[in-house]
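Note: the block below is run.cif and it holds mmCIF, C-alpha atoms.
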data_entry
#
loop_
_atom_site.label_atom_id
_atom_site.label_comp_id
_atom_site.auth_asym_id
_atom_site.auth_seq_id
_atom_site.Cartn_x
_atom_site.Cartn_y
_atom_site.Cartn_z
CA MET A 1219 136.05 68.55 43.22
CA ASN A 1220 137.52 65.74 41.14
CA ASN A 1221 135.23 64.88 38.25
CA GLN A 1222 137.20 61.76 37.35
CA ILE A 1223 135.17 58.62 37.87
CA ALA A 1224 136.98 55.29 37.82
CA ASN A 1225 135.76 52.71 35.35
CA PRO A 1226 134.35 49.93 37.57
CA SER A 1227 135.89 47.30 35.29
CA ASP A 1228 139.34 48.69 36.13
CA LEU A 1229 138.69 48.08 39.83
CA ILE A 1230 138.00 44.36 39.40
CA MET A 1231 141.32 42.58 39.85
CA THR A 1232 142.91 39.18 40.14
CA LEU A 1233 144.47 38.30 43.47
CA GLU A 1234 147.95 38.87 42.03
CA GLN A 1235 146.99 42.34 40.78
CA ALA A 1236 145.46 43.17 44.16
CA VAL A 1237 148.62 42.10 46.02
CA ALA A 1238 150.72 44.41 43.82
CA TRP A 1239 148.19 47.23 44.34
CA HIS A 1240 148.32 46.70 48.12
CA ASN A 1241 152.13 46.78 48.08
CA LYS A 1242 151.95 50.24 46.48
CA LEU A 1243 149.48 51.37 49.15
CA LYS A 1244 151.80 50.13 51.91
CA ALA A 1245 154.76 51.90 50.32
CA ASP A 1246 152.71 55.11 50.59
CA GLY A 1247 151.96 54.40 54.28
CA LYS A 1248 148.29 53.62 53.67
CA LYS A 1249 146.04 51.06 55.39
CA LEU A 1250 144.13 48.45 53.42
CA ILE A 1251 140.71 47.39 54.68
CA ILE A 1252 139.33 44.03 53.53
CA THR A 1253 135.89 42.57 53.86
CA ASN A 1254 134.38 39.52 52.24
CA GLY A 1255 130.99 38.10 51.39
CA CYS A 1256 128.49 37.02 48.75
CA PHE A 1257 126.88 40.44 48.08
CA ASP A 1258 124.22 38.67 46.02
CA ILE A 1259 121.40 41.22 45.81
CA MET A 1260 122.73 44.67 46.66
CA HIS A 1261 120.64 46.57 49.20
CA ARG A 1262 121.07 49.39 51.70
CA GLY A 1263 122.51 47.04 54.30
CA HIS A 1264 125.38 46.21 51.95
CA ALA A 1265 125.91 49.84 50.95
CA GLU A 1266 125.99 51.14 54.52
CA TYR A 1267 128.20 48.27 55.68
CA LEU A 1268 130.73 48.97 52.90
CA TYR A 1269 130.59 52.72 53.54
CA GLU A 1270 131.29 52.20 57.25
CA ALA A 1271 134.03 49.67 56.48
CA ARG A 1272 135.79 52.16 54.20
CA LYS A 1273 136.07 54.64 57.07
CA LYS A 1274 138.39 52.22 58.94
CA GLY A 1275 141.40 52.85 56.67
CA ASP A 1276 142.59 54.28 53.36
CA ALA A 1277 141.34 51.81 50.73
CA LEU A 1278 138.68 49.09 50.71
CA LEU A 1279 139.12 45.76 48.94
CA VAL A 1280 136.07 43.51 48.74
CA LEU A 1281 136.61 39.77 48.38
CA GLN A 1282 133.40 38.41 46.86
CA ASN A 1283 132.45 34.76 46.73
CA SER A 1284 132.39 33.15 43.29
CA ASP A 1285 129.09 31.87 41.91
CA GLN A 1286 130.01 28.29 42.81
CA SER A 1287 130.86 29.18 46.41
CA VAL A 1288 127.63 31.19 46.80
CA SER A 1289 125.67 28.13 45.63
CA GLU A 1290 127.57 25.94 48.09
CA LEU A 1291 126.87 28.35 50.95
CA LYS A 1292 123.33 29.52 50.13
CA GLY A 1293 121.79 26.71 48.07
CA PRO A 1294 121.22 25.86 44.41
CA SER A 1295 118.93 28.83 43.68
CA ARG A 1296 121.72 31.28 44.52
CA PRO A 1297 123.33 33.47 43.51
CA VAL A 1298 120.56 35.50 41.95
CA ILE A 1299 123.11 37.86 40.36
CA ASN A 1300 126.20 36.31 38.72
CA GLU A 1301 129.71 37.08 39.95
CA ASP A 1302 130.67 39.37 37.06
CA ASN A 1303 127.61 41.56 37.60
CA ARG A 1304 128.04 41.51 41.39
CA ALA A 1305 131.69 42.55 41.02
CA TYR A 1306 130.73 45.41 38.70
CA MET A 1307 128.04 46.63 41.11
CA LEU A 1308 130.48 46.54 44.04
CA ALA A 1309 133.19 48.30 42.04
CA SER A 1310 130.66 51.01 41.08
CA LEU A 1311 130.34 52.10 44.71
CA LYS A 1312 132.46 55.12 45.58
CA CYS A 1313 133.57 53.54 48.88
CA VAL A 1314 134.97 50.40 47.17
CA ASP A 1315 138.47 50.62 45.71
CA VAL A 1316 139.02 47.06 44.44
CA VAL A 1317 136.99 43.86 44.04
CA VAL A 1318 138.49 40.36 43.85
CA THR A 1319 136.39 37.21 43.35
CA PHE A 1320 137.55 34.13 45.24
CA GLU A 1321 136.74 30.45 44.86
CA GLY A 1322 135.74 28.22 47.75
CA GLN A 1323 133.92 29.00 50.95
CA ARG A 1324 136.91 30.51 52.75
CA CYS A 1325 139.38 33.19 51.72
CA THR A 1326 142.29 32.14 53.95
CA ALA A 1327 144.79 32.07 51.07
CA GLU A 1328 143.71 35.56 49.99
CA PHE A 1329 144.20 36.88 53.54
CA GLU A 1330 147.63 35.25 53.72
CA GLN A 1331 148.72 36.88 50.47
CA LEU A 1332 147.10 40.29 50.95
CA LYS A 1333 147.90 40.78 54.67
CA PRO A 1334 145.39 43.60 55.20
CA GLU A 1335 145.94 46.12 57.95
CA VAL A 1336 142.20 46.11 58.76
CA TYR A 1337 139.51 43.42 58.48
CA VAL A 1338 135.80 44.27 58.68
CA LYS A 1339 132.88 41.87 59.03
CA GLY A 1340 129.19 42.17 59.86
CA GLY A 1341 127.87 42.45 63.39
CA ASP A 1342 126.73 38.84 63.47
CA TYR A 1343 130.41 37.89 63.84
CA THR A 1344 132.98 38.31 66.60
CA VAL A 1345 136.69 37.53 66.58
CA GLU A 1346 135.85 34.26 68.33
CA THR A 1347 133.22 33.19 65.77
CA LEU A 1348 135.30 33.89 62.66
CA ASN A 1349 136.51 30.80 60.84
CA PRO A 1350 139.64 29.73 62.76
CA GLU A 1351 141.86 29.44 59.67
CA GLU A 1352 140.78 32.83 58.36
CA ARG A 1353 141.23 34.40 61.79
CA THR A 1354 144.73 32.92 62.12
CA ALA A 1355 145.72 34.20 58.66
CA LEU A 1356 144.45 37.69 59.49
CA GLN A 1357 146.12 37.75 62.90
CA ALA A 1358 149.42 36.53 61.42
CA GLY A 1359 149.32 39.52 59.06
CA GLY A 1360 148.61 41.92 61.94
CA ALA A 1361 145.06 42.90 60.93
CA GLU A 1362 142.86 44.98 63.21
CA PHE A 1363 139.31 43.62 63.49
CA HIS A 1364 136.13 45.71 63.25
CA PHE A 1365 132.51 44.53 63.27
CA ILE A 1366 129.76 46.68 61.71
CA PRO A 1367 126.19 46.37 63.10
CA PHE A 1368 123.40 45.29 60.78
CA ILE A 1369 120.63 47.63 59.71
CA PRO A 1370 117.30 46.08 60.79
CA GLY A 1371 115.19 44.93 57.87
CA CYS A 1372 118.07 45.01 55.38
CA SER A 1373 119.17 41.53 54.39
CA THR A 1374 119.24 39.57 51.15
CA THR A 1375 117.09 36.90 52.79
CA GLU A 1376 114.42 39.51 53.58
CA VAL A 1377 114.59 40.98 50.06
CA LEU A 1378 114.14 37.51 48.53
CA ALA A 1379 111.25 36.71 50.89
CA LYS A 1380 109.51 39.92 49.88
CA ILE A 1381 110.03 39.16 46.18
CA ASN A 1382 108.64 35.65 46.68
CA THR A 1383 105.49 36.93 48.39
CA THR A 1384 104.83 39.84 46.03
CA ASN A 1385 102.56 39.46 43.05
CA LEU A 1386 104.76 40.74 40.25
#

Translate the structure of the given file into structure tokens.
Amino acid sequence: MNNQIANPSDLIMTLEQAVAWHNKLKADGKKLIITNGCFDIMHRGHAEYLYEARKKGDALLVLQNSDQSVSELKGPSRPVINEDNRAYMLASLKCVDVVVTFEGQRCTAEFEQLKPEVYVKGGDYTVETLNPEERTALQAGGAEFHFIPFIPGCSTTEVLAKINTTNL
């Protein structure tokens, strides 16, 4: 058993660093899996989704939305957890190899530069319902698509609703 534990801070990269890292993986014949999302309040649904995603290839890179893009997507009260802390939490998971934060609501440019071998998204998506620009960028790079089913009762919206109705 390897007792070496990676420092989560070392797994948080810029896009340029992640592209170089992926090039090394490819040179070794390994498949990169990418997923993306807000990952605002970590819960079992996130953990299981990322664990299942990691099984689709050799290394998992998570593209997380920046704080500004989470606010644009989810409203002014979000994110609850800032991007630095979210990135650290993601990078702390054994199934996550690298975390990159992206600006904007779409990560088309990141897909174009990274060209992952595998793309994973939640079960509420299909190839047809993915953003067309993102889908085109992924397809141009030759990515396989996989969709992971949700775990009932495990969503950030449900966690926030429970917090809002609980007398703390």

Excluding region 1346-1361 of chain A and residues on its chain fewer than 5 positions from it, collect all residues at most 12 Å away from it, counting all atoms listed in the file, and give them as an MDAnalysis selection string.
-> chainID A and resid 1249:1254 1274:1275 1323:1341

Output C-alpha atoms for every residue in that selection, as a compact mmCIF listing (two decimals), in the frame of the given file.
# COMPACT_ATOMS: atom_id res chain seq x y z
CA LYS A 1249 146.04 51.06 55.39
CA LEU A 1250 144.13 48.45 53.42
CA ILE A 1251 140.71 47.39 54.68
CA ILE A 1252 139.33 44.03 53.53
CA THR A 1253 135.89 42.57 53.86
CA ASN A 1254 134.38 39.52 52.24
CA LYS A 1274 138.39 52.22 58.94
CA GLY A 1275 141.40 52.85 56.67
CA GLN A 1323 133.92 29.00 50.95
CA ARG A 1324 136.91 30.51 52.75
CA CYS A 1325 139.38 33.19 51.72
CA THR A 1326 142.29 32.14 53.95
CA ALA A 1327 144.79 32.07 51.07
CA GLU A 1328 143.71 35.56 49.99
CA PHE A 1329 144.20 36.88 53.54
CA GLU A 1330 147.63 35.25 53.72
CA GLN A 1331 148.72 36.88 50.47
CA LEU A 1332 147.10 40.29 50.95
CA LYS A 1333 147.90 40.78 54.67
CA PRO A 1334 145.39 43.60 55.20
CA GLU A 1335 145.94 46.12 57.95
CA VAL A 1336 142.20 46.11 58.76
CA TYR A 1337 139.51 43.42 58.48
CA VAL A 1338 135.80 44.27 58.68
CA LYS A 1339 132.88 41.87 59.03
CA GLY A 1340 129.19 42.17 59.86
CA GLY A 1341 127.87 42.45 63.39

Please indicate the distance in Å from CA of Pro1370 (chain A) to CA of Gly1263 (chain A), rounded to one decimal place.
->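 These two atoms are separated by 8.4 Å.
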
May I ask for the distance between CA of Lys1248 (chain A) and CA of Leu1278 (chain A), given in Å to one decimal place?
->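 If I compute the distance from CA of Lys1248 (chain A) to CA of Leu1278 (chain A), I get 11.0 Å.
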
Which one is closest to Asp1302 (chain A): A:Ser1227, A:Gln1222, A:Lys1273, A:His1364? Count all atoms listed in the file.
-> A:Ser1227

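The nearest approach to Asp1228 (chain A) among the residues A:Ala1271, A:Ala1305, A:Pro1297, A:Glu1376, with all atoms listed in the file taken into account, belongs to A:Ala1305.
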
For CA of Asp1315 (chain A) and CA of Phe1257 (chain A), quote the distance in Å rounded to one decimal.
->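 Distance reported for this atom pair: 15.6 Å.
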
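Residues in contact with region 1223-1225 of chain A at 10 Å, where all atoms listed in the file are counted and same-chain residues fewer than 2 positions away are skipped, are listed as Asn1220, Asn1221, Ser1227, Asp1228, Leu1229, Ile1230, Tyr1306, Ala1309, Ser1310, Lys1312 and Asp1315 of chain A.
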
Considering only C-alpha atoms, state which residue in the set A:Val1345, A:Ala1277, A:Leu1291, A:Leu1378 is at the smallest distance from Phe1363 (chain A).
->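 Using only C-alpha atoms, the shortest distance to Phe1363 (chain A) belongs to A:Val1345.
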
Find the residue from A:Thr1344, A:Val1280, A:Cys1313, A:Leu1308 that sits nearest to Ala1236 (chain A); use all atoms listed in the file when measuring.
-> A:Val1280

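Candidate residues A:Glu1266, A:Asp1246, A:Glu1234, A:Asp1258 were compared for distance to Leu1311 (chain A), and the nearest is A:Glu1266, using only C-alpha atoms.
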
Box in all listed atoms of region 1339-1353 of chain A, axis-aligned, with 8 Å more on each side; write out centre and edge lengths in Å to one decimal as AutoDock Vina command-line options.
--center_x 134.3 --center_y 35.9 --center_z 63.3 --size_x 31.1 --size_y 29.0 --size_z 26.0

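Shortest atom-to-atom contact with Leu1243 (chain A) among A:Val1317, A:Glu1362, A:Ile1259, A:Asp1276: A:Asp1276, counting all atoms listed in the file.
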
Written as a PyMOL selection string, what is the full residue list that the PyMOL selection byres ((chain A and resi 1321) around 9) yields on the file shown?
-> chain A and resi 1282-1287+1319-1320+1322-1325
